[in-house]
Amino acid sequence: MGGKVQGQNRVYGGAPIPLITPYTLGKFQLSHRVVLAPLTRLRSWNNVPQPHAILYYSQRTTKGSLLIAEATGVSDTAQGYPQTPGIWTKEQVEAWKPIIDAVHAKGGIFFCQIGHVGRVSNTGFQPNRQAPISCTDKPLTPQTQSKGIDVAQFSTPRRLTTEEIPLVVNDFRLAARNAIEAGFDGIEIHGAHGFLLDQFMKDHVNDRTDKYGGSLENRCRFPLEVVEAIVDEIGPDKVGIRLSPFADYAEAGDSNPEALGLYMVESLNKYGLVYCHMVEPRMKTVGEKCESPHSLLPMRKAFRGTFIVAGGYDREDGNNAVAENRADLVAYGRLFLANPDLPKRFALNTPLNKYNRETFYIPDPVLGYTDYPFLEDTE
């Protein structure tokens, strides 16, 4: 797993802190195992990344750190929230470049999470006010939610035809190519949280009768076609995927999540992906931890690449996950959002800033974004 313990490590009981040990991720040398999780922030005007993201991401970069950029749309039909970034136009690619350069200048490794919301959208986010696309034409019920909207209204989706699905696969392929052109070190396919790929995988949503519906193999066909197309385009050493088989986000649950998770990781092994990033079963809905009898361990054991876990981790949890070999890396969202120097705080075991949920999704380019204090500012 990790190699020699480096100078920044702090020890307790003579042993290195598991999260603050080096790790080899494919061709990348990480100095610690604390990953910035992909976090929607709703601060990309007109779906174009903005200069204020340069400071936001560079603040959270240390030499040899892995950062995963916020969910980034693969096409003009991929949006379901206001002011989320995309990577399907030349303007967007150019706008990402200085942000990526700032992360690289500090020695970070930067992956772009690319995705499509599917039916978690409405006609207002769609070109020509057309219906959102999905595996189904079943609409979502309106939700009270936190991403900048009091009540999210979802339009009835349009079921993709069998012949249209390869076109969406191609959107993912082109987005991956654009991400590499922009300078990202790799991409993470967003196959989680009730969005388009997850909608196809989950039997509570997918009601198709063609080769993309019915059996587990059929429901996973489209996500795996996306994987194959991207691996062929940019190489497996630059491709990770995020999955949440146990989650019920956006009414996308499954009757046998463990079988789904196992089938996906075993299928992914054929492609040699650099990592699989999986959301803990305890995170059944956004931001709420619950008791769960399920575990990611069977998927961890079955997957032959790097395994990243996420979902409600604190310092102790993360250290235990690495020490007990339940994960190679641990992704942190809200804690990293509020503590730009989170790896340092974990190394020193110092108190953490508290995050302010009220400013997660506001459009302010500073407030709740780049104004969380570093350790030296609070001493």
# chains A, B, ... in the order shown; residues from 1 in each chain; ligands from 1
$ residues_around --residues "region 57-63 of chain A" --least-positions-apart "4" --cutoff "9 Å" --atoms "only C-alpha atoms" --output "ChimeraX atom specification"
/A:30-31,36,53,67,69,99-100,102-109,336-337,339-343,370
$ select_by_dssp --residues "region 43-83 of chain A" --states "alpha helix (DSSP H)" --output "list in words"
His52, Ala53, Ile54, Leu55, Tyr56, Tyr57, Ser58 and Gln59 of chain A
$ write_last_selection --atoms "N, CA, C and O atoms" --output "CSV table (one decimal), in the first residue's frame"
chain,number,residue,atom,x,y,z
A,52,HIS,N,-12.9,32.7,-9.8
A,52,HIS,CA,-12.8,32.5,-8.3
A,52,HIS,C,-12.6,31.0,-7.9
A,52,HIS,O,-12.2,30.7,-6.8
A,53,ALA,N,-12.8,30.1,-8.9
A,53,ALA,CA,-12.5,28.7,-8.6
A,53,ALA,C,-11.0,28.4,-8.5
A,53,ALA,O,-10.6,27.4,-8.0
A,54,ILE,N,-10.2,29.3,-9.1
A,54,ILE,CA,-8.7,29.2,-9.0
A,54,ILE,C,-8.3,29.1,-7.6
A,54,ILE,O,-7.5,28.2,-7.1
A,55,LEU,N,-8.7,30.1,-6.8
A,55,LEU,CA,-8.3,30.2,-5.4
A,55,LEU,C,-8.9,29.0,-4.6
A,55,LEU,O,-8.3,28.4,-3.8
A,56,TYR,N,-10.2,28.7,-4.9
A,56,TYR,CA,-10.9,27.7,-4.1
A,56,TYR,C,-10.2,26.3,-4.2
A,56,TYR,O,-9.9,25.7,-3.2
A,57,TYR,N,-9.8,25.9,-5.4
A,57,TYR,CA,-9.2,24.6,-5.6
A,57,TYR,C,-7.7,24.7,-5.1
A,57,TYR,O,-7.2,23.7,-4.5
A,58,SER,N,-7.0,25.8,-5.4
A,58,SER,CA,-5.6,25.9,-5.0
A,58,SER,C,-5.5,25.9,-3.5
A,58,SER,O,-4.5,25.3,-2.9
A,59,GLN,N,-6.4,26.5,-2.8
A,59,GLN,CA,-6.4,26.5,-1.3
A,59,GLN,C,-6.4,25.1,-0.8
A,59,GLN,O,-5.8,24.8,0.3
$ closest_atom_pairs --of "region 262-323 of chain A" --to "region 242-246 of chain A" --cutoff "9 Å" --atoms "only C-alpha atoms" --output "JSON lines"
{"residue": "A:Met264", "atom": "CA", "partner": "A:Leu243", "partner_atom": "CA", "distance": 8.8}
{"residue": "A:Tyr275", "atom": "CA", "partner": "A:Arg242", "partner_atom": "CA", "distance": 8.8}
{"residue": "A:Cys276", "atom": "CA", "partner": "A:Arg242", "partner_atom": "CA", "distance": 6.1}
{"residue": "A:His277", "atom": "CA", "partner": "A:Arg242", "partner_atom": "CA", "distance": 4.5}
{"residue": "A:Met278", "atom": "CA", "partner": "A:Leu243", "partner_atom": "CA", "distance": 5.0}
{"residue": "A:Val279", "atom": "CA", "partner": "A:Ser244", "partner_atom": "CA", "distance": 5.0}
{"residue": "A:Glu280", "atom": "CA", "partner": "A:Ser244", "partner_atom": "CA", "distance": 7.4}
{"residue": "A:Pro281", "atom": "CA", "partner": "A:Phe246", "partner_atom": "CA", "distance": 5.1}
{"residue": "A:Arg282", "atom": "CA", "partner": "A:Phe246", "partner_atom": "CA", "distance": 8.3}
{"residue": "A:Met283", "atom": "CA", "partner": "A:Phe246", "partner_atom": "CA", "distance": 8.1}
{"residue": "A:Lys284", "atom": "CA", "partner": "A:Phe246", "partner_atom": "CA", "distance": 6.7}
{"residue": "A:His294", "atom": "CA", "partner": "A:Phe246", "partner_atom": "CA", "distance": 8.2}
{"residue": "A:Ile308", "atom": "CA", "partner": "A:Arg242", "partner_atom": "CA", "distance": 8.9}
$ atom_distance --atom1 "CA of Pro223 (chain A)" --atom2 "CA of Met201 (chain A)"
7.7 Å
$ select_by_dssp --residues "region 235-359 of chain A" --states "strand (DSSP E or B)" --output "MDAnalysis selection string"
chainID A and resid 239:243 275:279 283:285 288:289 306:310 329:332
$ write_last_selection --atoms "C-alpha atoms" --output "PDB file, in the first residue's frame"
ATOM      1  CA  VAL A 239     -10.239   6.959 -15.530  1.00  0.00           C
ATOM      2  CA  GLY A 240     -12.042   6.501 -12.217  1.00  0.00           C
ATOM      3  CA  ILE A 241     -15.735   6.063 -11.464  1.00  0.00           C
ATOM      4  CA  ARG A 242     -18.044   6.993  -8.602  1.00  0.00           C
ATOM      5  CA  LEU A 243     -20.853   4.620  -7.639  1.00  0.00           C
ATOM      6  CA  TYR A 275      -9.901   3.754  -9.101  1.00  0.00           C
ATOM      7  CA  CYS A 276     -13.426   3.047  -7.937  1.00  0.00           C
ATOM      8  CA  HIS A 277     -14.934   5.677  -5.622  1.00  0.00           C
ATOM      9  CA  MET A 278     -17.897   4.328  -3.665  1.00  0.00           C
ATOM     10  CA  VAL A 279     -20.377   5.991  -1.327  1.00  0.00           C
ATOM     11  CA  MET A 283     -25.408   7.689   3.250  1.00  0.00           C
ATOM     12  CA  LYS A 284     -28.839   6.698   1.996  1.00  0.00           C
ATOM     13  CA  THR A 285     -29.821  10.299   1.278  1.00  0.00           C
ATOM     14  CA  GLU A 288     -27.748  12.201   6.404  1.00  0.00           C
ATOM     15  CA  LYS A 289     -25.955   9.283   8.057  1.00  0.00           C
ATOM     16  CA  THR A 306      -7.527   1.682  -5.906  1.00  0.00           C
ATOM     17  CA  PHE A 307     -10.655   1.859  -3.746  1.00  0.00           C
ATOM     18  CA  ILE A 308     -11.822   5.266  -2.499  1.00  0.00           C
ATOM     19  CA  VAL A 309     -14.587   5.522   0.103  1.00  0.00           C
ATOM     20  CA  ALA A 310     -16.768   8.524   0.920  1.00  0.00           C
ATOM     21  CA  LEU A 329      -8.070   6.584   0.073  1.00  0.00           C
ATOM     22  CA  VAL A 330     -10.851   8.506   1.827  1.00  0.00           C
ATOM     23  CA  ALA A 331     -12.765  11.364   0.180  1.00  0.00           C
ATOM     24  CA  TYR A 332     -13.950  14.257   2.332  1.00  0.00           C
TER      25      TYR A 332
END
$ closest_residue --among "A:Gly194, A:Gly183, A:Pro139, A:Gly213" --to "Thr162 (chain A)" --atoms "only C-alpha atoms"
A:Gly213
$ residues_around --residues "region 345-358 of chain A" --least-positions-apart "4" --cutoff "8 Å" --atoms "only C-alpha atoms" --output "list in words"
Gln8, Asn9, Arg10, Ile17, Leu19, Ile20, Arg315, Arg334, Leu335, Leu337, Ala338, Asn339, Asp341, Ile362, Gly368, Tyr372, Pro373 and Leu375 of chain A
$ write_last_selection --atoms "all heavy atoms" --output "compact mmCIF listing (two decimals), in the first residue's frame"
# COMPACT_ATOMS: atom_id res chain seq x y z
N GLN A 8 6.16 14.91 6.74
CA GLN A 8 5.00 15.64 7.25
C GLN A 8 4.16 14.78 8.20
O GLN A 8 3.23 15.26 8.83
CB GLN A 8 4.14 16.14 6.09
CG GLN A 8 3.36 15.03 5.42
CD GLN A 8 2.60 15.55 4.21
OE1 GLN A 8 3.19 15.89 3.20
NE2 GLN A 8 1.30 15.60 4.31
N ASN A 9 4.43 13.49 8.26
CA ASN A 9 3.60 12.62 9.10
C ASN A 9 3.75 12.94 10.58
O ASN A 9 4.82 13.27 11.06
CB ASN A 9 3.99 11.15 8.90
CG ASN A 9 3.71 10.68 7.50
OD1 ASN A 9 2.84 11.23 6.85
ND2 ASN A 9 4.46 9.71 7.03
N ARG A 10 2.65 12.83 11.28
CA ARG A 10 2.70 12.87 12.74
C ARG A 10 2.39 11.46 13.22
O ARG A 10 1.62 10.73 12.59
CB ARG A 10 1.66 13.86 13.28
CG ARG A 10 1.89 15.28 12.81
CD ARG A 10 3.21 15.83 13.33
NE ARG A 10 3.43 17.21 12.95
CZ ARG A 10 3.98 17.57 11.81
NH1 ARG A 10 4.33 16.68 10.93
NH2 ARG A 10 4.18 18.85 11.54
N ILE A 17 0.19 8.08 11.17
CA ILE A 17 -1.25 8.26 11.02
C ILE A 17 -1.64 7.71 9.65
O ILE A 17 -1.13 8.17 8.63
CB ILE A 17 -1.62 9.75 11.14
CG1 ILE A 17 -1.26 10.28 12.53
CG2 ILE A 17 -3.10 9.99 10.82
CD1 ILE A 17 -1.29 11.78 12.64
N LEU A 19 -4.01 8.04 7.47
CA LEU A 19 -4.42 8.97 6.42
C LEU A 19 -3.26 9.82 5.89
O LEU A 19 -3.33 10.35 4.78
CB LEU A 19 -5.51 9.91 6.94
CG LEU A 19 -6.93 9.34 7.06
CD1 LEU A 19 -7.83 10.30 7.81
CD2 LEU A 19 -7.53 9.03 5.68
N ILE A 20 -2.24 9.96 6.71
CA ILE A 20 -1.11 10.82 6.32
C ILE A 20 0.10 9.96 5.94
O ILE A 20 1.22 10.20 6.35
CB ILE A 20 -0.77 11.83 7.45
CG1 ILE A 20 -2.05 12.48 7.99
CG2 ILE A 20 0.17 12.92 6.94
CD1 ILE A 20 -2.85 13.30 6.98
N ARG A 315 -11.98 12.11 11.00
CA ARG A 315 -10.57 11.71 11.05
C ARG A 315 -10.42 10.28 11.54
O ARG A 315 -9.70 9.47 10.92
CB ARG A 315 -9.80 12.68 11.96
CG ARG A 315 -8.31 12.38 12.09
CD ARG A 315 -7.66 13.41 13.03
NE ARG A 315 -6.22 13.24 13.11
CZ ARG A 315 -5.59 12.46 13.99
NH1 ARG A 315 -6.30 11.76 14.88
NH2 ARG A 315 -4.28 12.38 14.00
N ARG A 334 -17.73 17.93 3.05
CA ARG A 334 -18.02 19.10 3.88
C ARG A 334 -16.86 19.50 4.77
O ARG A 334 -16.60 20.69 4.97
CB ARG A 334 -19.27 18.83 4.70
CG ARG A 334 -20.55 18.79 3.87
CD ARG A 334 -21.70 18.15 4.60
NE ARG A 334 -21.49 16.71 4.80
CZ ARG A 334 -22.32 15.91 5.45
NH1 ARG A 334 -23.42 16.40 5.98
NH2 ARG A 334 -22.06 14.63 5.57
N LEU A 335 -16.11 18.52 5.31
CA LEU A 335 -14.97 18.88 6.17
C LEU A 335 -13.88 19.58 5.36
O LEU A 335 -13.22 20.49 5.86
CB LEU A 335 -14.40 17.63 6.85
CG LEU A 335 -15.29 16.91 7.85
CD1 LEU A 335 -14.51 15.81 8.57
CD2 LEU A 335 -15.89 17.87 8.88
N LEU A 337 -14.38 21.26 2.53
CA LEU A 337 -14.96 22.54 2.14
C LEU A 337 -14.66 23.60 3.22
O LEU A 337 -14.25 24.71 2.91
CB LEU A 337 -16.46 22.33 1.95
CG LEU A 337 -17.42 23.46 1.62
CD1 LEU A 337 -18.67 22.85 0.99
CD2 LEU A 337 -17.83 24.27 2.84
N ALA A 338 -14.84 23.21 4.48
CA ALA A 338 -14.69 24.16 5.59
C ALA A 338 -13.27 24.27 6.11
O ALA A 338 -12.96 25.18 6.88
CB ALA A 338 -15.62 23.75 6.73
N ASN A 339 -12.41 23.33 5.71
CA ASN A 339 -11.02 23.31 6.19
C ASN A 339 -10.10 23.11 4.99
O ASN A 339 -9.75 21.98 4.64
CB ASN A 339 -10.83 22.17 7.19
CG ASN A 339 -11.65 22.36 8.44
OD1 ASN A 339 -11.23 23.01 9.40
ND2 ASN A 339 -12.86 21.79 8.44
N ASP A 341 -7.10 23.36 4.65
CA ASP A 341 -5.86 22.65 5.01
C ASP A 341 -6.17 21.37 5.80
O ASP A 341 -5.47 21.02 6.75
CB ASP A 341 -4.94 23.57 5.83
CG ASP A 341 -5.66 24.23 7.01
OD1 ASP A 341 -6.88 24.01 7.20
OD2 ASP A 341 -4.99 24.97 7.76
N ILE A 362 -24.79 29.13 -2.33
CA ILE A 362 -25.10 30.50 -2.73
C ILE A 362 -24.12 30.93 -3.83
O ILE A 362 -23.02 30.37 -3.94
CB ILE A 362 -25.03 31.48 -1.52
CG1 ILE A 362 -23.60 31.53 -0.96
CG2 ILE A 362 -26.04 31.09 -0.45
CD1 ILE A 362 -23.40 32.63 0.07
N GLY A 368 -18.38 31.61 2.15
CA GLY A 368 -18.63 30.17 2.21
C GLY A 368 -17.89 29.39 1.14
O GLY A 368 -18.16 28.20 0.93
N TYR A 372 -12.99 30.38 4.34
CA TYR A 372 -12.76 29.55 5.53
C TYR A 372 -11.30 29.68 5.95
O TYR A 372 -10.39 29.58 5.12
CB TYR A 372 -13.09 28.09 5.24
CG TYR A 372 -14.57 27.77 5.27
CD1 TYR A 372 -15.30 27.62 4.09
CD2 TYR A 372 -15.26 27.61 6.48
CE1 TYR A 372 -16.66 27.31 4.11
CE2 TYR A 372 -16.62 27.31 6.51
CZ TYR A 372 -17.31 27.16 5.31
OH TYR A 372 -18.65 26.86 5.34
N PRO A 373 -11.03 29.90 7.26
CA PRO A 373 -9.65 30.16 7.69
C PRO A 373 -8.75 28.93 7.69
O PRO A 373 -9.20 27.81 7.91
CB PRO A 373 -9.82 30.70 9.12
CG PRO A 373 -11.14 30.24 9.57
CD PRO A 373 -11.99 30.07 8.34
N LEU A 375 -5.31 27.07 9.40
CA LEU A 375 -4.89 26.87 10.78
C LEU A 375 -4.10 28.06 11.31
O LEU A 375 -4.35 28.55 12.41
CB LEU A 375 -4.05 25.59 10.86
CG LEU A 375 -3.92 24.92 12.22
CD1 LEU A 375 -5.27 24.68 12.87
CD2 LEU A 375 -3.19 23.59 12.05
